[in-house]
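S.K.: Sharing a structure below in structure tokens format, with a few things to ask.
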Amino acid sequence: MAAPIAYAERTAYSLIATDLDGTLLRGDDTFSDRSLAALARVAAAGARHLVVTGRPAPRVRPLLESLGSTGLAVCGQGAQLYDAGADRLLWSVTLDQELAETALGKIEAEVGQVHAAVDQDGVEGLTLIEPGYLMPHPTLPAVRVGRRDDLWCAPISKVLLRHPALSDDELASVARAVVGSLATVTMSGPGTVELQPCGITKATGLALAARHLGVLPEDTVAFGDMPNDIPMFDWAGHGVAMANAHPELKAIADEVTLSNEDDGVAVVLERLYSQAQ
């Protein structure tokens with residue numbers, strides 16, 4: 001575990017990087033009044049808030065609107081840097097179809113059939129799901145296609161996987177063992193094991209956004225709840241895991257706060273920016 005940063009040594013940061021699902025968002029896909037007030041306090045202190053999420057840009061847009069955010073957001077596990085004010089991608093990386101299909105074949109050779117979905121690239125990209133795939137977030141829109149080949153009708157940013165019997169940890173472990181350099185394997189939430197372009201993580205997206213904003217890693221505090229947030233914690237000056245976080249993330253976090261349902265992000269921000277008006 002990383003050595004905790006003494007609060008007396010650092011009481012505020014220039015950049016607040018937050019995951020959404022299981023972190024800043026409540027289970028009903030809303031932000032609490034306390035969280036919104038804490039983010040307003042951060043803005044009053046002159047710091048910036050940056051969403052860093054596995055959701056693709058089209059699924060993030062309405063949430064940024066509810067936050068009143070017109071700045072940058074890191075989407076698609078780091079594969080997209082989205083400018084909310086201009087409603088455009090400043091940067092994006094796609095996952096090659098041939099590599100994706102090869103990776104899926106290697107995984108299925110080990111564990112049998114998996115069910116797949118894809119997030120298309122672009123600010124209007126769709127989420128397509130093949131037969132048998134169940135969306136882990138039923139509130140998110142998706143289009144069901146007739147067969148796997150239909151998933152590749154447009155460039156994609158990532159593939160989402162589910163297995164009818166294996167746990168997320170088991171599926172992710174097998175995928176990492178056999179996929180190799182074909183793709184980056186992440187686990188970003190319940191029922192959400194993903195393949196994204198090799199070398200792309202939340203840390204790569206966060207680092208790119210920070211360069212745009214002129215912020216250094218040591219001036220960044222990051223909040224998250226799942227193993228896909230580990231690279232982000234490794235990059236940031238201070239990593240805060242939620243009480244509901246996966247054990248792997250808690251093990252490397254600098255501190256653990258309350259759960260997303262108990263305003264854990266707000267609790268830390270209120271402490272860090274207690275003097276902001």
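Chain labels follow the order of the structure tokens: the first chain is A, the next B, and so on; residue numbering restarts at 1 in every chain, and ligands are counted from 1 in their shown order.
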For the contact check between segment 19-135 of chain A and segment 209-233 of chain A, emit one row per residue of segment 19-135 of chain A within 7 Å, containing the shortest atom pair and the distance in Å rounded to one decimal, counting only C-alpha atoms, chain then rising number order, as a tab-separated table.
M.R.:
```
residue	atom	partner	partner_atom	distance
A:Asp19	CA	A:Gly224	CA	5.2
A:Gly22	CA	A:Asp225	CA	6.1
A:Thr23	CA	A:Gly224	CA	5.6
```
S.K.: As a list in words, please: the residues near Cys75 of chain A (cut-off 10 Å, only C-alpha atoms, same-chain neighbours under 5 positions excluded).
M.R.: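 My reading of the contact set: Asp19, Val51, Val52, Thr53, Gly54, Arg55, Pro56, Ala57, Pro58, Arg59, Val60, Gln80, Leu81, Tyr82, Leu89, Ser92, Ser157, Lys202, Gly205 and Leu206 of chain A.
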S.K.: Would you output that residue set with all heavy atoms, as a short mmCIF file (atom, residue, chain, number, x, y, z; two decimals), in the first residue's frame?
M.R.:
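What ended up in selection38.cif:
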```
data_model
loop_
_atom_site.label_atom_id
_atom_site.label_comp_id
_atom_site.auth_asym_id
_atom_site.auth_seq_id
_atom_site.Cartn_x
_atom_site.Cartn_y
_atom_site.Cartn_z
N ASP A 19 -14.04 9.07 -10.89
CA ASP A 19 -14.83 8.07 -11.59
C ASP A 19 -16.30 8.42 -11.39
O ASP A 19 -16.66 9.24 -10.53
CB ASP A 19 -14.50 6.69 -11.00
CG ASP A 19 -15.35 5.59 -11.59
OD1 ASP A 19 -15.54 5.57 -12.81
OD2 ASP A 19 -15.82 4.74 -10.81
N VAL A 51 -14.08 14.42 -14.86
CA VAL A 51 -14.67 13.09 -14.86
C VAL A 51 -13.74 12.15 -15.63
O VAL A 51 -13.30 12.47 -16.74
CB VAL A 51 -16.06 13.12 -15.51
CG1 VAL A 51 -16.53 11.71 -15.86
CG2 VAL A 51 -17.06 13.79 -14.59
N VAL A 52 -13.43 11.00 -15.04
CA VAL A 52 -12.59 9.98 -15.69
C VAL A 52 -13.36 8.67 -15.56
O VAL A 52 -13.42 8.06 -14.49
CB VAL A 52 -11.21 9.87 -15.02
CG1 VAL A 52 -10.34 8.88 -15.79
CG2 VAL A 52 -10.54 11.24 -14.95
N THR A 53 -13.95 8.21 -16.65
CA THR A 53 -14.94 7.13 -16.58
C THR A 53 -14.75 6.11 -17.69
O THR A 53 -14.18 6.40 -18.73
CB THR A 53 -16.36 7.72 -16.67
OG1 THR A 53 -17.33 6.67 -16.64
CG2 THR A 53 -16.55 8.53 -17.94
N GLY A 54 -15.29 4.93 -17.44
CA GLY A 54 -15.32 3.91 -18.48
C GLY A 54 -16.44 4.14 -19.47
O GLY A 54 -16.42 3.58 -20.58
N ARG A 55 -17.42 4.95 -19.11
CA ARG A 55 -18.53 5.19 -20.03
C ARG A 55 -18.03 5.94 -21.27
O ARG A 55 -17.19 6.83 -21.17
CB ARG A 55 -19.61 6.03 -19.35
CG ARG A 55 -20.31 5.35 -18.19
CD ARG A 55 -21.57 6.11 -17.81
NE ARG A 55 -22.20 5.60 -16.60
CZ ARG A 55 -23.49 5.77 -16.30
NH1 ARG A 55 -24.28 6.46 -17.12
NH2 ARG A 55 -23.99 5.28 -15.17
N PRO A 56 -18.58 5.61 -22.45
CA PRO A 56 -18.20 6.34 -23.66
C PRO A 56 -18.81 7.74 -23.64
O PRO A 56 -19.77 8.01 -22.90
CB PRO A 56 -18.78 5.48 -24.78
CG PRO A 56 -19.99 4.84 -24.16
CD PRO A 56 -19.59 4.57 -22.72
N ALA A 57 -18.27 8.61 -24.48
CA ALA A 57 -18.69 10.02 -24.48
C ALA A 57 -20.21 10.20 -24.62
O ALA A 57 -20.80 11.03 -23.89
CB ALA A 57 -17.95 10.77 -25.58
N PRO A 58 -20.90 9.48 -25.50
CA PRO A 58 -22.35 9.71 -25.61
C PRO A 58 -23.12 9.40 -24.33
O PRO A 58 -24.16 10.01 -24.07
CB PRO A 58 -22.78 8.76 -26.74
CG PRO A 58 -21.54 8.50 -27.52
CD PRO A 58 -20.44 8.51 -26.51
N ARG A 59 -22.62 8.45 -23.52
CA ARG A 59 -23.29 8.10 -22.27
C ARG A 59 -22.88 9.04 -21.13
O ARG A 59 -23.51 9.02 -20.06
CB ARG A 59 -22.95 6.66 -21.86
CG ARG A 59 -23.18 5.59 -22.92
CD ARG A 59 -24.64 5.34 -23.21
NE ARG A 59 -25.14 6.21 -24.25
CZ ARG A 59 -24.97 6.00 -25.56
NH1 ARG A 59 -24.28 4.97 -25.96
NH2 ARG A 59 -25.49 6.83 -26.43
N VAL A 60 -21.84 9.83 -21.35
CA VAL A 60 -21.37 10.76 -20.33
C VAL A 60 -22.00 12.14 -20.52
O VAL A 60 -22.20 12.88 -19.55
CB VAL A 60 -19.83 10.86 -20.37
CG1 VAL A 60 -19.31 11.88 -19.35
CG2 VAL A 60 -19.21 9.50 -20.09
N GLN A 80 -10.91 8.08 -24.94
CA GLN A 80 -11.51 9.29 -25.49
C GLN A 80 -11.26 10.47 -24.57
O GLN A 80 -11.43 10.36 -23.35
CB GLN A 80 -13.03 9.12 -25.66
CG GLN A 80 -13.43 7.97 -26.57
CD GLN A 80 -14.94 7.75 -26.58
OE1 GLN A 80 -15.61 7.97 -25.56
NE2 GLN A 80 -15.46 7.32 -27.71
N LEU A 81 -10.87 11.61 -25.15
CA LEU A 81 -10.82 12.87 -24.42
C LEU A 81 -11.89 13.76 -25.04
O LEU A 81 -11.79 14.18 -26.20
CB LEU A 81 -9.44 13.53 -24.53
CG LEU A 81 -9.29 14.84 -23.74
CD1 LEU A 81 -9.55 14.64 -22.25
CD2 LEU A 81 -7.91 15.44 -23.96
N TYR A 82 -12.92 14.02 -24.26
CA TYR A 82 -14.14 14.68 -24.74
C TYR A 82 -14.19 16.12 -24.26
O TYR A 82 -13.96 16.39 -23.07
CB TYR A 82 -15.36 13.90 -24.24
CG TYR A 82 -16.70 14.52 -24.56
CD1 TYR A 82 -17.10 14.70 -25.87
CD2 TYR A 82 -17.57 14.88 -23.52
CE1 TYR A 82 -18.35 15.25 -26.15
CE2 TYR A 82 -18.81 15.43 -23.80
CZ TYR A 82 -19.19 15.61 -25.11
OH TYR A 82 -20.42 16.16 -25.39
N LEU A 89 -14.78 15.14 -29.71
CA LEU A 89 -13.64 14.41 -29.18
C LEU A 89 -12.36 15.12 -29.59
O LEU A 89 -12.11 15.32 -30.78
CB LEU A 89 -13.63 12.97 -29.69
CG LEU A 89 -14.76 12.06 -29.19
CD1 LEU A 89 -14.66 10.69 -29.85
CD2 LEU A 89 -14.72 11.91 -27.67
N SER A 92 -9.08 10.36 -29.67
CA SER A 92 -9.70 9.04 -29.45
C SER A 92 -8.82 7.96 -30.07
O SER A 92 -8.08 8.20 -31.02
CB SER A 92 -11.11 8.98 -30.06
OG SER A 92 -11.06 9.05 -31.48
N SER A 157 -14.49 1.65 -29.61
CA SER A 157 -13.49 2.03 -28.61
C SER A 157 -13.18 0.89 -27.66
O SER A 157 -12.09 0.84 -27.09
CB SER A 157 -13.94 3.27 -27.84
OG SER A 157 -15.16 3.02 -27.15
N LYS A 202 -7.14 4.47 -17.87
CA LYS A 202 -7.58 5.76 -17.34
C LYS A 202 -6.39 6.70 -17.10
O LYS A 202 -6.51 7.91 -17.20
CB LYS A 202 -8.38 5.57 -16.05
CG LYS A 202 -9.80 5.09 -16.25
CD LYS A 202 -10.59 5.16 -14.96
CE LYS A 202 -12.06 4.84 -15.17
NZ LYS A 202 -12.85 5.01 -13.95
N GLY A 205 -5.44 8.56 -20.35
CA GLY A 205 -6.40 9.62 -20.62
C GLY A 205 -6.28 10.77 -19.65
O GLY A 205 -6.34 11.95 -20.03
N LEU A 206 -6.09 10.44 -18.36
CA LEU A 206 -5.96 11.48 -17.34
C LEU A 206 -4.69 12.30 -17.57
O LEU A 206 -4.70 13.52 -17.44
CB LEU A 206 -5.94 10.83 -15.95
CG LEU A 206 -5.67 11.75 -14.75
CD1 LEU A 206 -6.65 12.90 -14.71
CD2 LEU A 206 -5.73 10.94 -13.46
#
```
S.K.: In terms of the shortest atom-to-atom distance over only C-alpha atoms, which of A:Glu98, A:Asp168, A:Asp33, A:Asp119 is closest to His246 of chain A?
M.R.: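 Among the listed residues, A:Asp168 lies closest to His246 of chain A.
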S.K.: Between atom CA of Ala165 of chain A and atom CA of His115 of chain A, what distance in Å does the model show, to one decimal?
M.R.: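 Computing the Euclidean distance for atom CA of Ala165 of chain A and atom CA of His115 of chain A yields 11.3 Å.
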S.K.: For the structure I just gave you, how does DSSP split segment 11-149 of chain A - specifically, which residues are strand (DSSP E)? Reply as number ranges by chain.
M.R.: A: 15-18, 48-52, 72-75, 80-83, 88-92, 115-120, 127-129, 143-144
S.K.: Could you tell me which of A:Trp91, A:Leu50, A:Pro155, A:Ala253 comes closest to Gly71 of chain A if we count only C-alpha atoms?
M.R.: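 Selected residue with least distance to Gly71 of chain A: A:Leu50.
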S.K.: Within 7 Å of His49 of chain A, counting only C-alpha atoms, which residues qualify if same-chain residues fewer than 2 places away don't, as a ChimeraX atom specification?
M.R.: /A:15-17,47,51
S.K.: Would you mind exporting N, CA, C and O atoms of the selected residues as an mmCIF file, in the first residue's frame?
M.R.:
```cif
data_model
loop_
_atom_site.group_PDB
_atom_site.id
_atom_site.type_symbol
_atom_site.label_atom_id
_atom_site.label_comp_id
_atom_site.auth_asym_id
_atom_site.auth_seq_id
_atom_site.Cartn_x
_atom_site.Cartn_y
_atom_site.Cartn_z
ATOM 1 N N LEU A 15 -6.450 19.617 -9.306
ATOM 2 C CA LEU A 15 -7.319 18.811 -10.153
ATOM 3 C C LEU A 15 -7.951 17.692 -9.336
ATOM 4 O O LEU A 15 -7.262 16.950 -8.636
ATOM 5 N N ILE A 16 -9.270 17.572 -9.442
ATOM 6 C CA ILE A 16 -10.037 16.503 -8.800
ATOM 7 C C ILE A 16 -10.517 15.569 -9.899
ATOM 8 O O ILE A 16 -11.337 15.951 -10.741
ATOM 9 N N ALA A 17 -9.999 14.342 -9.943
ATOM 10 C CA ALA A 17 -10.378 13.365 -10.958
ATOM 11 C C ALA A 17 -11.294 12.326 -10.328
ATOM 12 O O ALA A 17 -10.890 11.641 -9.390
ATOM 13 N N ALA A 47 -9.915 25.197 -8.230
ATOM 14 C CA ALA A 47 -9.507 23.881 -8.716
ATOM 15 C C ALA A 47 -10.474 23.392 -9.786
ATOM 16 O O ALA A 47 -11.569 23.932 -9.949
ATOM 17 N N VAL A 51 -14.080 14.421 -14.862
ATOM 18 C CA VAL A 51 -14.666 13.091 -14.864
ATOM 19 C C VAL A 51 -13.739 12.155 -15.632
ATOM 20 O O VAL A 51 -13.297 12.473 -16.745
#
```
S.K.: Mind pulling up the distance from atom CA of Asp149 of chain A to atom CA of Pro190 of chain A?
M.R.: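 Between these atoms lies a distance of 25.6 Å.
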S.K.: Closest to Asp263 of chain A among A:Arg88, A:Lys158, A:His137, A:Arg34, using only C-alpha atoms?
M.R.: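 Of the candidates, the smallest distance to Asp263 of chain A is held by A:Arg34.
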S.K.: Go ahead and compute the interatomic distance for atom CA of Gln196 of chain A and atom CA of Leu95 of chain A, in Å to one decimal.
M.R.: 6.1 Å
S.K.: If we count only C-alpha atoms and set the cut-off at 12 Å, which residues sit around Ala12 of chain A, ignoring sequence neighbours fewer than 6 positions away in its own chain? Please answer as a ChimeraX atom specification.
M.R.: /A:5-6,41-43,45-48,218-221,237-238,268-276
S.K.: Write the residues you've just listed into a file as a CSV table (one decimal), in the first residue's frame, and include C-alpha atoms for each of them.
M.R.:
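The result, stored in selection.csv:
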```csv
chain,number,residue,atom,x,y,z
A,5,ILE,CA,-0.1,11.6,2.6
A,6,ALA,CA,-0.3,13.5,5.8
A,41,ARG,CA,-16.6,24.5,-3.3
A,42,VAL,CA,-13.8,23.0,-5.3
A,43,ALA,CA,-14.6,25.4,-8.2
A,45,ALA,CA,-11.2,27.5,-4.7
A,46,GLY,CA,-10.0,27.6,-8.3
A,47,ALA,CA,-9.5,23.9,-8.7
A,48,ARG,CA,-10.9,21.8,-11.6
A,218,GLU,CA,1.3,15.6,-7.7
A,219,ASP,CA,-1.4,18.3,-7.9
A,220,THR,CA,-4.1,15.7,-8.6
A,221,VAL,CA,-6.4,13.7,-6.3
A,237,GLY,CA,-0.6,12.4,-6.3
A,238,HIS,CA,-3.3,11.0,-4.0
A,268,VAL,CA,-13.0,14.2,1.4
A,269,LEU,CA,-13.5,17.4,-0.7
A,270,GLU,CA,-15.1,19.2,2.2
A,271,ARG,CA,-12.0,18.4,4.3
A,272,LEU,CA,-9.6,19.4,1.6
A,273,TYR,CA,-11.4,22.7,0.7
A,274,SER,CA,-12.7,23.6,4.1
A,275,GLN,CA,-11.6,27.2,3.7
A,276,ALA,CA,-13.2,27.8,0.3
```
S.K.: May I have the residues within 6 Å of Met242 of chain A as a compact mmCIF listing (two decimals) with N, CA and C atoms, in the first residue's frame, using only C-alpha atoms and disregarding those fewer than 4 positions away in the same chain?
M.R.:
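Printed below is around.txt as written:
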```txt
# COMPACT_ATOMS: atom_id res chain seq x y z
N ASP A 225 -13.40 3.26 -7.58
CA ASP A 225 -13.95 2.11 -6.84
C ASP A 225 -13.60 0.75 -7.42
N VAL A 256 -9.21 5.54 2.29
CA VAL A 256 -10.53 5.01 1.95
C VAL A 256 -11.58 5.91 2.59
N THR A 257 -12.53 6.34 1.78
CA THR A 257 -13.59 7.21 2.27
C THR A 257 -14.89 6.41 2.40
N LEU A 258 -16.00 7.09 2.63
CA LEU A 258 -17.30 6.43 2.71
C LEU A 258 -17.74 5.98 1.32
N SER A 259 -18.84 5.27 1.24
CA SER A 259 -19.33 4.74 -0.02
C SER A 259 -19.91 5.85 -0.90
```
S.K.: Could you pull out the residues in segment 61-235 of chain A that DSSP calls helix (DSSP H, G or I) from the backbone, as a PyMOL selection string?
M.R.: chain A and resi 61-67+76-78+97-111+148-152+168-182+202-213+217-219+227-235
S.K.: Given only C-alpha atoms as the basis, pick out the residue of A:Met187, A:Ala73, A:Leu67, A:Met135 nearest to Ala40 of chain A.
M.R.: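 Of A:Met187, A:Ala73, A:Leu67, A:Met135, the one nearest Ala40 of chain A, counting only C-alpha atoms, is A:Leu67.
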S.K.: Extract, using only C-alpha atoms, all DNA, RNA and protein residues at most 9 Å from segment 101-104 of chain A, discarding same-chain residues fewer than 2 positions from it, and format them as a VMD selection string.
M.R.: chain A and resid 96 to 99 106 to 109 114 116 161 175 178 to 180 182 to 183 195
S.K.: List the spatial neighbours of Cys153 of chain A as a ChimeraX atom specification - criterion: any atom at most 12 Å away, only C-alpha atoms, same-chain residues fewer than 6 positions off excluded.
M.R.: /A:97,118-121,125-128,145,147
